[in-house]
2 protein chains.
Amino acid sequence: MTSPVNPPPRLLMGPGPINADPRVLRAMSAQLVGQYDPWMTDTMTETMGLYRDVFRTTNEQTFVVDGTSRAGIEAALVSLVEPGDRVLVPVFGRFGHLLVEIAERCGAEVHTIEVPWGEVFDPSAVEEAVVATRPKVLAVVQGDTSTTMCQPLEDLGEICRRHDVLLYCDATASLGGNPFETDLWGLDVVTAGLQKCLGGPSGSAPITLSPRAATVIDGRKHVEAGIRSDDDDDEDAAGVRIASNYLDLAQVMDYWGPRRLNHHTEATTMLYGARECARLLVEEGLDAAVERHARHGLAMLEGVRGLGLAVFGDVAHKMHNVVAVEIPAGVDGDAARSALLTDFGIEIGTSFGPLHGKVWRIGTMGHNARKDAVLVTLAALEQVLRAGGVPLTAGGGVGAAQEVYSS
Amino acid sequence: MTSPVNPPPRLLMGPGPINADPRVLRAMSAQLVGQYDPWMTDTMTETMGLYRDVFRTTNEQTFVVDGTSRAGIEAALVSLVEPGDRVLVPVFGRFGHLLVEIAERCGAEVHTIEVPWGEVFDPSAVEEAVVATRPKVLAVVQGDTSTTMCQPLEDLGEICRRHDVLLYCDATASLGGNPFETDLWGLDVVTAGLQKCLGGPSGSAPITLSPRAATVIDGRKHVEAGIRSDDDDDEDAAGVRIASNYLDLAQVMDYWGPRRLNHHTEATTMLYGARECARLLVEEGLDAAVERHARHGLAMLEGVRGLGLAVFGDVAHKMHNVVAVEIPAGVDGDAARSALLTDFGIEIGTSFGPLHGKVWRIGTMGHNARKDAVLVTLAALEQVLRAGGVPLTAGGGVGAAQEVYSS
């Protein structure tokens with residue numbers, strides 16, 4: 001026999017998912033309503049407006065994809081990219097590689113530029129690559145949790161406009177906790193998820209599309225499968241039909257738009273959750289939420305340094321909401337994580353690829369970007385490391401964080 | 001300013017979604033736990049076992065896809081079907097057309113057979129088409145809510161084994177409310193959703209894969225994008241890489257399996273919901289749940305007949321959980337639905353395609369396959385139709401349903 005779901009108490013201080021804000025879970029316990037009930041369509045329209053505020057955009061085409069943040073990424077790429085299109089991906093961590101993999105599956109000719117993990121790109125390097133590869137789409141992650149780095153985007157929109165390139169940004173890990181400006185920065189498509197700085201569970205992917213991106217995608221919906229509808233030499237001809245039905249943003253736009261054409265059955269409970277995540281951010285104010293993530297992220301950063309631990313990567317370009325902490329020599333990183341989880345109920349993150357076994361990743365995001373969450377994590381980490389024989393200044397972590405809070 | 005989510009009270013008696021069982025919504029309000037927390041991986045493993053019971057299978061590869069039922073359909077087809085593969089779809093309603101559309105987008109050469117809406121196929125007609133078209137995959141809907149028909153599947157597995165065809169079934173609308181036997185019927189892949197007879201919200205797609213289906217799909221994961229890994233003449237050569245990352249079941253199997261390879265971030269809240277839906281069914285007993293749907297479905301059927309209304313289609317092959325009611329001459333079907341919703345808080349369904357404007361669809365499924373839901377719907381429908389001038393026997397609907405309940 002199975003029992004009712006009864007998760008153990010956990011403070012989730014990894015790179016996400018984090019504990020959902022209780023308000024989001026309460027919103028998700030509301031009863032369902034039919035898909036075309038006037039209340040439901042009003043709620044969908046209201047959610048579109050809330051996410052325009054979150055993304056800082058006036059884009060009409062702003063809604064949620066029913067799936068995790070990865071579904072949002074794939075919806076963007078499969079809808080924008082036709083087989084044979086060139087896509088440029090500046091890779092500075094694991095999620096850049098994911099963009100490459102997904103674009104390849106869409107049939108793109110993918111070009112990459114790379115920097116070592118722990119660094120970001122200078123915009124001029126991106127422009128050089130744009131000039132060299134002439135892509136249809138530049139696809140870039142803003143914040144890559146695998147390295148904690150946050151790629152500056154301010155100049156990329158202008159570069160893309162100059163070279164007639166569509167700019168897609170995966171803001172899953174960064175949105176809500178770091179400055180973000182869809183319209184001001186000239187981003188064409190942005191996708192996100194709820195499980196990072198938005199304070200909700202994974203399973204809904206907010207997305208926004210500029211008018212020119214929407215036009216490109218909408219132009220693909222009248223095409224027969226795999227058949228160009230016009231002379232191949234005519235560059236304005238409609239292209240190849242979008243390979244996915246579920247993630248076909250041309251159809252999904254018609255579903256969210258005034259025509260309300262039937263598509264999938266709305267994941268209503270996730271919609272309630274996505275709506276409440278946006279309400280929390282809009283109520284707090286986007287600038288205030290970013291400032292909160294900056295403050296608690298700095299407290300965590302100074303706290304781990306106060307414990308005598310080193311921080312990985314170019315800290316000047318670190319996301320506010322996650323820090324990569326070098327595992328001290330002689331410490332078994334997984335055993336320490338396990339002790340934190342088992343004895344203190346606190347989860348911190350492991351790492352991937354070149355950083356595996358070398359750093360822990362500690363997050364301060366969404367509902368958990370709070371003073372008490374930062375201080376108990378530092379206090380518990382101190383105890384676990386001291387028990388493992390690491391010589392630490394007692395209280396050095398909490399003390400350094402407190403200094404940030406009192407400054 | 002927006003308000004906390006506060007849906008109006010609705011009794012959802014359409015073809016789905018229906019009101020979620022309160023136990024499912026309570027389960028979904030549980031707090032999140034990290035993706036690789038031992039409690040979480042145990043919960044995932046337990047959910048796999050629960051869905052083996054629901055699907056009546058011993059298939060190791062039984063889990064949920066993070067998306068709506070449509071995501072499950074696309075995951076099945078994009079993972080099974082390579083460009084150029086032949087797929088046969090017996091179409092007896094709208095969701096058959098959806099299978100065609102999705103298979104086409106996967107690059108399949110799709111063949112169809114069709115019967116008029118309101119009928120199902122004789123297995124011999126399916127076998128004839130299998131022989132004529134030699135498909136790799138036979139893709140069939142069990143219950144198509146657009147027509148209310150339930151395609152008998154008992155003989156299709158044997159036909160597919162005889163002709164070495166993979167058999168995929170979309171059981172979204174039928175599972176839990178109609179007899180279903182994955183292993184006994186020889187089904188290779190089955191997908192479902194929560195929002196029909198399972199009593200949950202849309203957003204999670206249970207799926208099961210037979211060992212031979214899993215082998216076919218797993219064989220595609222070592223292939224470079226778009227490139228056959230071996231001589232094209234070698235029919236055993238690994239084929240074309242799966243076009244989707246998000247819905248790549250080869251990767252999703254590795255994520256749910258003992259290797260627990262990282263893929264998407266689990267939609268934990270939807271997982272809690274999916275698990276509770278399965279627990280409800282397993283506690284009640286699958287046979288008892290089907291019997292409950294049969295009983296309340298019959299009460300609704302006899303009730304609408306007792307009101308003097310005609311029922312559409314081959315009632316001998318109707319799903320238990322939905323009935324298509326012919327709109328009486330002179331009645332504005334949408335106005336009547338609107339009155340039911342506005343004045344009585346009850347939603348019934350409209351119709352698509354050839355049935356648009358001709359029938360209403362009334363569901364009795366999941367949490368709403370209950371006597372009180374049936375009787376209040378019949379009582380309210382009587383009032384709305386009498387107010388619209390339709391001559392009805394007062395109490396004829398409720399009376400006929402009561403006779404079913406007392407028999």
# chains A, B, ... in the order shown; residues from 1 in each chain; ligands from 1
call {"tool": "residues_around", "arguments": {"residues": "range 140-145 of chain B", "least_positions_apart": "5", "cutoff": "8 Å", "atoms": "only C-alpha atoms", "output": "PyMOL selection string"}}
result
chain B and resi 15+89-96+99+150-153+167-174+319+322
call {"tool": "write_last_selection", "arguments": {"atoms": "C-alpha atoms", "output": "short mmCIF file (atom, residue, chain, number, x, y, z; two decimals), in the first residue's frame"}}
result
data_model
loop_
_atom_site.label_atom_id
_atom_site.label_comp_id
_atom_site.auth_asym_id
_atom_site.auth_seq_id
_atom_site.Cartn_x
_atom_site.Cartn_y
_atom_site.Cartn_z
CA PRO B 15 -15.96 15.71 -22.12
CA VAL B 89 -4.23 5.44 -38.36
CA PRO B 90 -7.83 4.21 -38.21
CA VAL B 91 -9.71 7.51 -37.90
CA PHE B 92 -13.13 7.55 -36.26
CA GLY B 93 -13.11 11.09 -34.84
CA ARG B 94 -11.14 14.21 -34.16
CA PHE B 95 -8.38 12.62 -32.14
CA GLY B 96 -7.63 10.17 -34.94
CA LEU B 99 -2.64 11.28 -34.54
CA CYS B 150 -14.76 3.40 -27.94
CA GLN B 151 -12.76 1.34 -30.44
CA PRO B 152 -12.48 -2.36 -29.43
CA LEU B 153 -8.79 -3.13 -29.08
CA LEU B 167 0.74 -0.83 -31.72
CA TYR B 168 0.31 2.59 -30.14
CA CYS B 169 -2.89 3.53 -28.31
CA ASP B 170 -4.06 6.96 -27.15
CA ALA B 171 -6.14 6.12 -24.08
CA THR B 172 -6.42 9.70 -22.81
CA ALA B 173 -10.20 9.85 -22.68
CA SER B 174 -10.94 6.25 -21.80
CA MET B 319 -17.43 5.02 -23.98
CA VAL B 322 -19.40 10.50 -22.26
#
call {"tool": "select_by_dssp", "arguments": {"residues": "range 137-282 of chain B", "states": "helix (DSSP H, G or I)", "output": "PyMOL selection string"}}
result
chain B and resi 156-162+211-218+249-256+268-282
call {"tool": "interface_residues", "arguments": {"of": "chain B", "to": "chain A", "cutoff": "7 Å", "atoms": "only C-alpha atoms", "output": "mmCIF file with N, CA and C atoms, in the first residue's frame"}}
result
data_model
loop_
_atom_site.group_PDB
_atom_site.id
_atom_site.type_symbol
_atom_site.label_atom_id
_atom_site.label_comp_id
_atom_site.auth_asym_id
_atom_site.auth_seq_id
_atom_site.Cartn_x
_atom_site.Cartn_y
_atom_site.Cartn_z
ATOM 1 N N VAL B 5 -6.319 33.784 -7.099
ATOM 2 C CA VAL B 5 -7.166 32.960 -7.955
ATOM 3 C C VAL B 5 -8.398 32.511 -7.177
ATOM 4 N N PRO B 7 -11.721 30.749 -8.557
ATOM 5 C CA PRO B 7 -12.624 30.324 -9.633
ATOM 6 C C PRO B 7 -14.064 30.216 -9.167
ATOM 7 N N ARG B 10 -18.137 25.464 -10.293
ATOM 8 C CA ARG B 10 -18.571 24.853 -11.551
ATOM 9 C C ARG B 10 -18.646 23.347 -11.357
ATOM 10 N N LEU B 12 -18.279 20.371 -13.707
ATOM 11 C CA LEU B 12 -17.794 20.197 -15.086
ATOM 12 C C LEU B 12 -18.254 18.845 -15.622
ATOM 13 N N PRO B 17 -11.734 18.867 -19.419
ATOM 14 C CA PRO B 17 -11.434 18.447 -18.051
ATOM 15 C C PRO B 17 -12.673 18.441 -17.169
ATOM 16 N N ASN B 19 -13.979 18.309 -12.801
ATOM 17 C CA ASN B 19 -13.477 18.753 -11.504
ATOM 18 C C ASN B 19 -12.462 17.741 -10.985
ATOM 19 N N ALA B 20 -11.357 18.245 -10.494
ATOM 20 C CA ALA B 20 -10.358 17.351 -9.915
ATOM 21 C C ALA B 20 -10.869 16.795 -8.594
ATOM 22 N N LEU B 25 -5.967 17.542 -5.530
ATOM 23 C CA LEU B 25 -5.530 18.924 -5.301
ATOM 24 C C LEU B 25 -4.794 19.049 -3.968
ATOM 25 N N ARG B 26 -5.246 18.311 -2.967
ATOM 26 C CA ARG B 26 -4.525 18.347 -1.678
ATOM 27 C C ARG B 26 -3.111 17.794 -1.843
ATOM 28 N N ALA B 27 -2.999 16.691 -2.577
ATOM 29 C CA ALA B 27 -1.654 16.114 -2.795
ATOM 30 C C ALA B 27 -0.751 17.125 -3.491
ATOM 31 N N MET B 28 -1.339 17.899 -4.392
ATOM 32 C CA MET B 28 -0.546 18.854 -5.170
ATOM 33 C C MET B 28 -0.132 20.073 -4.361
ATOM 34 N N SER B 29 -0.684 20.222 -3.170
ATOM 35 C CA SER B 29 -0.283 21.359 -2.341
ATOM 36 C C SER B 29 0.924 21.022 -1.473
ATOM 37 N N GLN B 31 4.757 20.428 -0.384
ATOM 38 C CA GLN B 31 5.953 21.202 -0.702
ATOM 39 C C GLN B 31 6.905 20.387 -1.597
ATOM 40 N N LEU B 32 7.750 21.086 -2.329
ATOM 41 C CA LEU B 32 8.692 20.447 -3.242
ATOM 42 C C LEU B 32 9.866 19.830 -2.489
ATOM 43 N N VAL B 33 10.500 18.899 -3.180
ATOM 44 C CA VAL B 33 11.706 18.236 -2.681
ATOM 45 C C VAL B 33 12.667 18.199 -3.870
ATOM 46 N N GLY B 34 13.954 18.177 -3.616
ATOM 47 C CA GLY B 34 14.930 18.195 -4.710
ATOM 48 C C GLY B 34 14.802 16.982 -5.622
ATOM 49 N N ASP B 66 6.101 14.984 -18.700
ATOM 50 C CA ASP B 66 5.740 16.277 -18.110
ATOM 51 C C ASP B 66 5.129 17.197 -19.147
ATOM 52 N N GLY B 67 3.839 17.046 -19.346
ATOM 53 C CA GLY B 67 3.098 17.874 -20.284
ATOM 54 C C GLY B 67 1.681 17.341 -20.311
ATOM 55 N N THR B 68 0.852 17.910 -21.151
ATOM 56 C CA THR B 68 -0.525 17.442 -21.208
ATOM 57 C C THR B 68 -0.587 16.123 -21.987
ATOM 58 N N ARG B 70 -1.506 15.530 -24.824
ATOM 59 C CA ARG B 70 -0.987 15.720 -26.176
ATOM 60 C C ARG B 70 0.542 15.576 -26.214
ATOM 61 N N ALA B 71 1.206 15.997 -25.156
ATOM 62 C CA ALA B 71 2.660 15.806 -25.083
ATOM 63 C C ALA B 71 2.984 14.314 -25.042
ATOM 64 N N ILE B 102 0.121 14.636 -36.109
ATOM 65 C CA ILE B 102 1.392 14.528 -35.378
ATOM 66 C C ILE B 102 2.340 13.570 -36.097
ATOM 67 N N GLU B 104 2.439 12.930 -39.246
ATOM 68 C CA GLU B 104 2.949 13.634 -40.431
ATOM 69 C C GLU B 104 4.099 14.563 -40.066
ATOM 70 N N ARG B 105 3.945 15.259 -38.946
ATOM 71 C CA ARG B 105 5.016 16.183 -38.548
ATOM 72 C C ARG B 105 6.290 15.428 -38.173
ATOM 73 N N CYS B 106 6.134 14.165 -37.764
ATOM 74 C CA CYS B 106 7.318 13.336 -37.502
ATOM 75 C C CYS B 106 7.947 12.850 -38.802
ATOM 76 N N PRO B 201 -5.981 17.205 -12.809
ATOM 77 C CA PRO B 201 -5.871 18.283 -13.790
ATOM 78 C C PRO B 201 -4.988 17.869 -14.962
ATOM 79 N N SER B 202 -5.195 18.474 -16.101
ATOM 80 C CA SER B 202 -4.312 18.286 -17.247
ATOM 81 C C SER B 202 -2.903 18.751 -16.885
ATOM 82 N N GLY B 203 -1.895 18.120 -17.492
ATOM 83 C CA GLY B 203 -0.521 18.578 -17.294
ATOM 84 C C GLY B 203 0.484 17.470 -17.051
ATOM 85 N N ALA B 225 22.488 13.570 -35.194
ATOM 86 C CA ALA B 225 21.298 14.227 -35.753
ATOM 87 C C ALA B 225 21.202 14.008 -37.257
ATOM 88 N N ALA B 243 13.703 13.575 -33.134
ATOM 89 C CA ALA B 243 13.733 14.997 -33.499
ATOM 90 C C ALA B 243 13.510 15.925 -32.314
ATOM 91 N N SER B 244 13.010 15.390 -31.216
ATOM 92 C CA SER B 244 12.753 16.203 -30.026
ATOM 93 C C SER B 244 13.722 15.828 -28.917
ATOM 94 N N ASN B 245 14.139 16.801 -28.149
ATOM 95 C CA ASN B 245 14.877 16.507 -26.923
ATOM 96 C C ASN B 245 13.894 16.335 -25.777
ATOM 97 N N TYR B 246 12.945 17.257 -25.673
ATOM 98 C CA TYR B 246 12.027 17.232 -24.521
ATOM 99 C C TYR B 246 11.204 15.958 -24.503
ATOM 100 N N HIS B 264 14.919 16.789 -17.984
ATOM 101 C CA HIS B 264 14.221 17.996 -17.559
ATOM 102 C C HIS B 264 14.144 18.065 -16.029
ATOM 103 N N THR B 265 13.773 19.236 -15.507
ATOM 104 C CA THR B 265 13.504 19.369 -14.078
ATOM 105 C C THR B 265 12.090 18.870 -13.814
ATOM 106 N N GLU B 266 11.979 17.842 -12.993
ATOM 107 C CA GLU B 266 10.678 17.223 -12.796
ATOM 108 C C GLU B 266 9.612 18.250 -12.403
ATOM 109 N N ALA B 267 8.434 18.109 -13.008
ATOM 110 C CA ALA B 267 7.279 18.936 -12.638
ATOM 111 C C ALA B 267 6.665 18.296 -11.394
ATOM 112 N N THR B 268 7.299 18.565 -10.258
ATOM 113 C CA THR B 268 7.036 17.813 -9.033
ATOM 114 C C THR B 268 5.574 17.876 -8.605
ATOM 115 N N THR B 269 4.982 19.043 -8.702
ATOM 116 C CA THR B 269 3.589 19.194 -8.268
ATOM 117 C C THR B 269 2.658 18.355 -9.147
ATOM 118 N N TYR B 272 3.060 14.766 -8.065
ATOM 119 C CA TYR B 272 2.246 14.464 -6.888
ATOM 120 C C TYR B 272 0.789 14.215 -7.311
#
call {"tool": "atom_distance", "arguments": {"atom1": "CA of Asn262 in chain A", "atom2": "CA of Asp248 in chain A"}}
result
12.9 Å
call {"tool": "atom_distance", "arguments": {"atom1": "CA of Met300 in chain A", "atom2": "CA of Gly176 in chain A"}}
result
18.0 Å
call {"tool": "closest_residue", "arguments": {"among": "B:Val130, B:Glu302, B:Leu340, B:Lys371", "to": "Gly397 in chain B", "atoms": "only C-alpha atoms"}}
result
B:Glu302
call {"tool": "residues_around", "arguments": {"residues": "Tyr51 in chain A", "least_positions_apart": "6", "cutoff": "8 Å", "atoms": "only C-alpha atoms", "output": "list in words"}}
result
Thr62, Phe63, Pro206 and Ala278 of chain A
call {"tool": "atom_distance", "arguments": {"atom1": "CA of Ala76 in chain A", "atom2": "CA of Ser210 in chain A"}}
result
11.8 Å
call {"tool": "residues_around", "arguments": {"residues": "Thr182 in chain A", "least_positions_apart": "4", "cutoff": "7 Å", "atoms": "only C-alpha atoms", "output": "PyMOL selection string"}}
result
chain A and resi 55-57+186-187
call {"tool": "select_by_dssp", "arguments": {"residues": "range 67-267 of chain B", "states": "strand (DSSP E)", "output": "VMD selection string"}}
result
chain B and resid 86 to 91 109 to 114 137 to 141 143 to 144 149 to 150 166 to 170 189 to 191 205 to 209
